[in-house]
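Student: One structure, pasted below without further comment.
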Amino acid sequence: MQRREFLGALAASSLAWGLPGCAGVDGAAGKSDASVMTVNGSIPAADLGMTLTHEHLFADLRPYAEQMASLIAVDMDEVAEVVLPYLREIHRQGCRTLVDCTGTTLGRNPVLIKRLSQASGLQMLTVTGAYVAAGGRFVPPYVLAETADQLARRWIGEWRDGIGDTGIRPGLIKLGIEGDPPSDIERKVLHAAARTHLESGLVIASHTGPWADVAPGRNGRCAFAQLDLLQGAGIAPSAWIWVHAQNEVQGSQHVDAARRGAWVSFDGFRPGQEAAYLAMIGRMRDEGLLDRVLVSQDAGWYNAGQPRGGEFKPYLPLFSDLIPAMREGGFKEEQVRTIFVDNPSRAFAVRKMAT
């Protein structure tokens, strides 16, 4: 079968993924009042459909101080011209929702996200929170100066009233935590996230561990330190997503986190990594924990300051490479649906989960 024919067949089978999802272990997707907050407003969680749970549309990866010293005006027309073909490509393959996980100080642009959502037909989510990983180069002065209560009030304000004057509300709390153990500022940010969750019901998605360090156990230790702190603050593990869990090479850590109730996100897929991803996901399936797994690509994005946004990593490989490999590797259709439809509808459903 030629590639074009194959993708056409994939699109036909994938369109069914846009149908309402079934309730899983948390039951949220089956509740009539369960909702998800998109940049265009609240929608039923069961309408999320096939979802990419960790991607990026636009980013400014300069240190925060440099961003403030030299503002870059966003040419939204050019960004749309560059990014929309990639979004429409996955929409044709049956994708219905994309979660933009760009941190608040890494170029978060809710107005741009809303424009791309409406132009592409994809539902999209944006974030509140604070990214204090990457050696602290994205930390703004207010995160250093404010208390956990003050940060929580700031984030809850975005949830209640919208981000700035946009009226656009966040659909998740995004953190960046890398300490082993967590630093004082990381602990403060985690406490602020816990308080924000208890007020808003937004899930906490945490970039976990250093960007480059893949020493066995380090990513996992950072993850479990966060889980322990959040549980101590009264938050159920199911309100927390372990972002970039694939960077922990000890698979037993994934199993242990999922058994505690956390979401385990394997979200950096690239073509050529099919065997590694099938092994990680297969282990979770064999342990009866597939309903705690999220899978995405951490792909994109238009990079501010680079000509036409620099090199863009497309969103298609999950559809053209990974999902076919899963099917060929023995995953049943309902298991594929569990990962890409049912689990996101439960993970991002707005609900307060206390211990």
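Residues are named by chain letter and number: chains run A, B, ... in the order of the structure tokens, numbers start at 1 in each chain, and ligands are numbered from 1 in the order shown.
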Do a neighbour search on stretch 286-292 of chain A at 12 Å with only C-alpha atoms, toss out local chain neighbours closer than 3 positions, and write the hits as a VMD selection string.
Tutor: chain A and resid 22 to 27 237 to 242 251 to 252 254 to 266 278 to 283 295 330 to 332 334 to 347
Student: Can I get the selected residues back with N, CA and C atoms, as a short mmCIF file (atom, residue, chain, number, x, y, z; two decimals), in the first residue's frame?
Tutor:
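And here is the file that came out, part10.cif:
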data_model
loop_
_atom_site.label_atom_id
_atom_site.label_comp_id
_atom_site.auth_asym_id
_atom_site.auth_seq_id
_atom_site.Cartn_x
_atom_site.Cartn_y
_atom_site.Cartn_z
N CYS A 22 -15.81 6.63 26.43
CA CYS A 22 -16.44 5.89 27.51
C CYS A 22 -15.78 6.26 28.83
N ALA A 23 -16.51 6.06 29.92
CA ALA A 23 -15.94 6.35 31.24
C ALA A 23 -14.86 5.33 31.55
N GLY A 24 -13.78 5.77 32.20
CA GLY A 24 -12.72 4.88 32.64
C GLY A 24 -12.74 4.75 34.14
N VAL A 25 -11.57 4.48 34.75
CA VAL A 25 -11.55 4.22 36.18
C VAL A 25 -11.94 5.43 37.01
N ASP A 26 -11.67 6.65 36.49
CA ASP A 26 -12.08 7.82 37.23
C ASP A 26 -13.54 8.15 37.00
N GLY A 27 -14.10 7.63 35.91
CA GLY A 27 -15.50 7.82 35.64
C GLY A 27 -15.87 9.18 35.11
N PRO A 237 -3.32 11.57 43.55
CA PRO A 237 -2.37 11.38 42.45
C PRO A 237 -2.99 11.51 41.07
N SER A 238 -4.28 11.21 40.93
CA SER A 238 -4.94 11.29 39.63
C SER A 238 -5.11 12.72 39.15
N ALA A 239 -4.74 13.71 39.97
CA ALA A 239 -4.77 15.11 39.54
C ALA A 239 -3.42 15.56 39.01
N TRP A 240 -2.49 14.62 38.80
CA TRP A 240 -1.12 14.96 38.40
C TRP A 240 -0.67 14.13 37.22
N ILE A 241 -0.05 14.79 36.22
CA ILE A 241 0.50 14.13 35.04
C ILE A 241 2.02 14.18 35.11
N TRP A 242 2.65 13.01 35.01
CA TRP A 242 4.11 12.92 34.96
C TRP A 242 4.53 13.16 33.52
N GLY A 251 11.50 1.16 33.91
CA GLY A 251 10.06 1.00 33.68
C GLY A 251 9.26 0.71 34.93
N SER A 252 9.89 0.15 35.93
CA SER A 252 9.17 -0.12 37.18
C SER A 252 8.66 1.16 37.82
N HIS A 254 7.44 3.77 36.17
CA HIS A 254 6.18 4.08 35.49
C HIS A 254 5.04 3.28 36.11
N VAL A 255 5.31 1.99 36.33
CA VAL A 255 4.29 1.11 36.90
C VAL A 255 3.90 1.58 38.30
N ASP A 256 4.89 1.90 39.11
CA ASP A 256 4.60 2.32 40.49
C ASP A 256 3.80 3.62 40.52
N ALA A 257 4.15 4.57 39.65
CA ALA A 257 3.41 5.84 39.63
C ALA A 257 1.97 5.62 39.20
N ALA A 258 1.77 4.79 38.18
CA ALA A 258 0.40 4.52 37.72
C ALA A 258 -0.40 3.78 38.78
N ARG A 259 0.22 2.88 39.49
CA ARG A 259 -0.50 2.17 40.56
C ARG A 259 -0.92 3.11 41.68
N ARG A 260 -0.18 4.17 41.87
CA ARG A 260 -0.59 5.18 42.85
C ARG A 260 -1.73 6.04 42.33
N GLY A 261 -1.98 5.97 41.02
CA GLY A 261 -3.08 6.73 40.43
C GLY A 261 -2.67 7.88 39.56
N ALA A 262 -1.36 8.13 39.40
CA ALA A 262 -0.89 9.24 38.58
C ALA A 262 -1.06 8.93 37.09
N TRP A 263 -1.08 9.99 36.29
CA TRP A 263 -1.02 9.83 34.84
C TRP A 263 0.44 9.78 34.41
N VAL A 264 0.77 8.80 33.59
CA VAL A 264 2.14 8.61 33.10
C VAL A 264 2.16 8.97 31.62
N SER A 265 2.90 10.03 31.28
CA SER A 265 2.87 10.58 29.93
C SER A 265 4.17 10.29 29.19
N PHE A 266 4.07 9.46 28.14
CA PHE A 266 5.18 9.20 27.23
C PHE A 266 4.97 10.14 26.04
N LEU A 278 6.66 1.12 22.05
CA LEU A 278 5.86 -0.09 22.21
C LEU A 278 6.26 -0.85 23.47
N ALA A 279 7.54 -0.83 23.81
CA ALA A 279 7.98 -1.52 25.03
C ALA A 279 7.42 -0.82 26.27
N MET A 280 7.47 0.52 26.30
CA MET A 280 6.97 1.25 27.47
C MET A 280 5.46 1.09 27.60
N ILE A 281 4.76 1.30 26.50
CA ILE A 281 3.30 1.20 26.56
C ILE A 281 2.88 -0.25 26.80
N GLY A 282 3.59 -1.20 26.17
CA GLY A 282 3.27 -2.61 26.35
C GLY A 282 3.44 -3.06 27.79
N ARG A 283 4.46 -2.56 28.47
CA ARG A 283 4.64 -2.90 29.89
C ARG A 283 3.43 -2.44 30.70
N VAL A 295 -0.01 9.52 25.65
CA VAL A 295 1.06 9.44 24.66
C VAL A 295 0.97 10.65 23.73
N GLY A 330 0.21 -5.75 18.07
CA GLY A 330 -0.76 -6.51 18.85
C GLY A 330 -1.71 -5.70 19.71
N PHE A 331 -1.61 -4.37 19.65
CA PHE A 331 -2.58 -3.57 20.41
C PHE A 331 -3.94 -3.62 19.71
N LYS A 332 -4.96 -3.87 20.48
CA LYS A 332 -6.31 -3.91 19.95
C LYS A 332 -6.84 -2.49 19.76
N GLU A 334 -9.56 -1.12 20.75
CA GLU A 334 -10.07 -0.49 21.97
C GLU A 334 -8.95 -0.02 22.88
N GLN A 335 -7.78 -0.66 22.81
CA GLN A 335 -6.64 -0.20 23.61
C GLN A 335 -6.05 1.08 23.03
N VAL A 336 -6.00 1.17 21.71
CA VAL A 336 -5.55 2.42 21.08
C VAL A 336 -6.50 3.55 21.46
N ARG A 337 -7.78 3.26 21.43
CA ARG A 337 -8.78 4.27 21.80
C ARG A 337 -8.65 4.66 23.27
N THR A 338 -8.37 3.71 24.12
CA THR A 338 -8.19 4.03 25.54
C THR A 338 -7.12 5.10 25.72
N ILE A 339 -6.00 4.94 25.03
CA ILE A 339 -4.87 5.86 25.19
C ILE A 339 -5.18 7.24 24.61
N PHE A 340 -5.75 7.27 23.42
CA PHE A 340 -5.83 8.53 22.68
C PHE A 340 -7.19 9.24 22.77
N VAL A 341 -8.21 8.56 23.28
CA VAL A 341 -9.53 9.17 23.40
C VAL A 341 -10.01 9.18 24.85
N ASP A 342 -10.12 7.99 25.43
CA ASP A 342 -10.72 7.90 26.76
C ASP A 342 -9.84 8.52 27.84
N ASN A 343 -8.54 8.21 27.82
CA ASN A 343 -7.66 8.73 28.88
C ASN A 343 -7.58 10.26 28.87
N PRO A 344 -7.38 10.91 27.72
CA PRO A 344 -7.37 12.38 27.76
C PRO A 344 -8.67 12.98 28.27
N SER A 345 -9.80 12.37 27.94
CA SER A 345 -11.08 12.92 28.40
C SER A 345 -11.20 12.86 29.91
N ARG A 346 -10.52 11.89 30.52
CA ARG A 346 -10.54 11.82 31.98
C ARG A 346 -9.44 12.67 32.59
N ALA A 347 -8.27 12.68 31.97
CA ALA A 347 -7.13 13.41 32.54
C ALA A 347 -7.39 14.91 32.60
#
Student: Could you pull out the helix (DSSP H, G or I) residues of stretch 90-188 of chain A, going by DSSP on the backbone, and write them as an MDAnalysis selection string?
Tutor: chainID A and resid 90:92 110:120 134:136 141:145 148:161 184:188
Student: Sorted by chain and rising residue number, which residues of stretch 180-233 of chain A lie within 12 Å of stretch 153-170 of chain A, and what are their closest atom pairs and distances in Å to one decimal, counting only C-alpha atoms, as a tab-separated table?
Tutor:
residue	atom	partner	partner_atom	distance
A:Val189	CA	A:Trp155	CA	11.0
A:His191	CA	A:Arg153	CA	11.9
A:Ala192	CA	A:Arg153	CA	8.4
A:Ala193	CA	A:Trp155	CA	8.4
A:Ala194	CA	A:Trp155	CA	11.1
A:Arg195	CA	A:Arg153	CA	8.7
A:Thr196	CA	A:Ile156	CA	5.8
A:His197	CA	A:Ile156	CA	8.6
A:Leu198	CA	A:Ile156	CA	9.9
A:Glu199	CA	A:Ile156	CA	7.2
A:Ser200	CA	A:Ile156	CA	6.8
A:Gly201	CA	A:Trp159	CA	9.8
A:Leu202	CA	A:Pro170	CA	8.4
A:Val203	CA	A:Pro170	CA	10.5
A:Ile204	CA	A:Pro170	CA	11.5
Student: Take the selection from the previous step and output its residues with N, CA and C atoms, as a short mmCIF file (atom, residue, chain, number, x, y, z; two decimals), in the first residue's frame.
Tutor:
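Saved file result-v4.cif follows:
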data_model
loop_
_atom_site.label_atom_id
_atom_site.label_comp_id
_atom_site.auth_asym_id
_atom_site.auth_seq_id
_atom_site.Cartn_x
_atom_site.Cartn_y
_atom_site.Cartn_z
N VAL A 189 6.13 26.34 44.31
CA VAL A 189 5.31 26.25 43.11
C VAL A 189 4.37 25.05 43.18
N HIS A 191 3.14 23.68 45.94
CA HIS A 191 2.08 24.01 46.89
C HIS A 191 1.07 24.96 46.25
N ALA A 192 1.56 25.92 45.46
CA ALA A 192 0.65 26.83 44.76
C ALA A 192 -0.24 26.07 43.78
N ALA A 193 0.35 25.09 43.08
CA ALA A 193 -0.43 24.29 42.14
C ALA A 193 -1.49 23.47 42.87
N ALA A 194 -1.13 22.93 44.03
CA ALA A 194 -2.10 22.16 44.81
C ALA A 194 -3.29 23.03 45.19
N ARG A 195 -3.03 24.23 45.65
CA ARG A 195 -4.11 25.13 46.05
C ARG A 195 -4.95 25.55 44.85
N THR A 196 -4.29 25.75 43.72
CA THR A 196 -5.02 26.11 42.51
C THR A 196 -5.91 24.96 42.07
N HIS A 197 -5.40 23.74 42.13
CA HIS A 197 -6.22 22.59 41.75
C HIS A 197 -7.45 22.47 42.65
N LEU A 198 -7.27 22.61 43.96
CA LEU A 198 -8.39 22.45 44.88
C LEU A 198 -9.46 23.52 44.67
N GLU A 199 -9.07 24.65 44.10
CA GLU A 199 -10.03 25.71 43.81
C GLU A 199 -10.64 25.57 42.42
N SER A 200 -9.83 25.14 41.46
CA SER A 200 -10.27 25.15 40.06
C SER A 200 -10.66 23.78 39.52
N GLY A 201 -10.02 22.72 40.01
CA GLY A 201 -10.22 21.39 39.44
C GLY A 201 -9.36 21.10 38.23
N LEU A 202 -8.42 22.02 37.90
CA LEU A 202 -7.54 21.79 36.76
C LEU A 202 -6.46 20.76 37.10
N VAL A 203 -6.17 19.89 36.15
CA VAL A 203 -5.11 18.90 36.34
C VAL A 203 -3.75 19.60 36.36
N ILE A 204 -2.79 19.02 37.08
CA ILE A 204 -1.43 19.54 37.18
C ILE A 204 -0.53 18.69 36.28
#
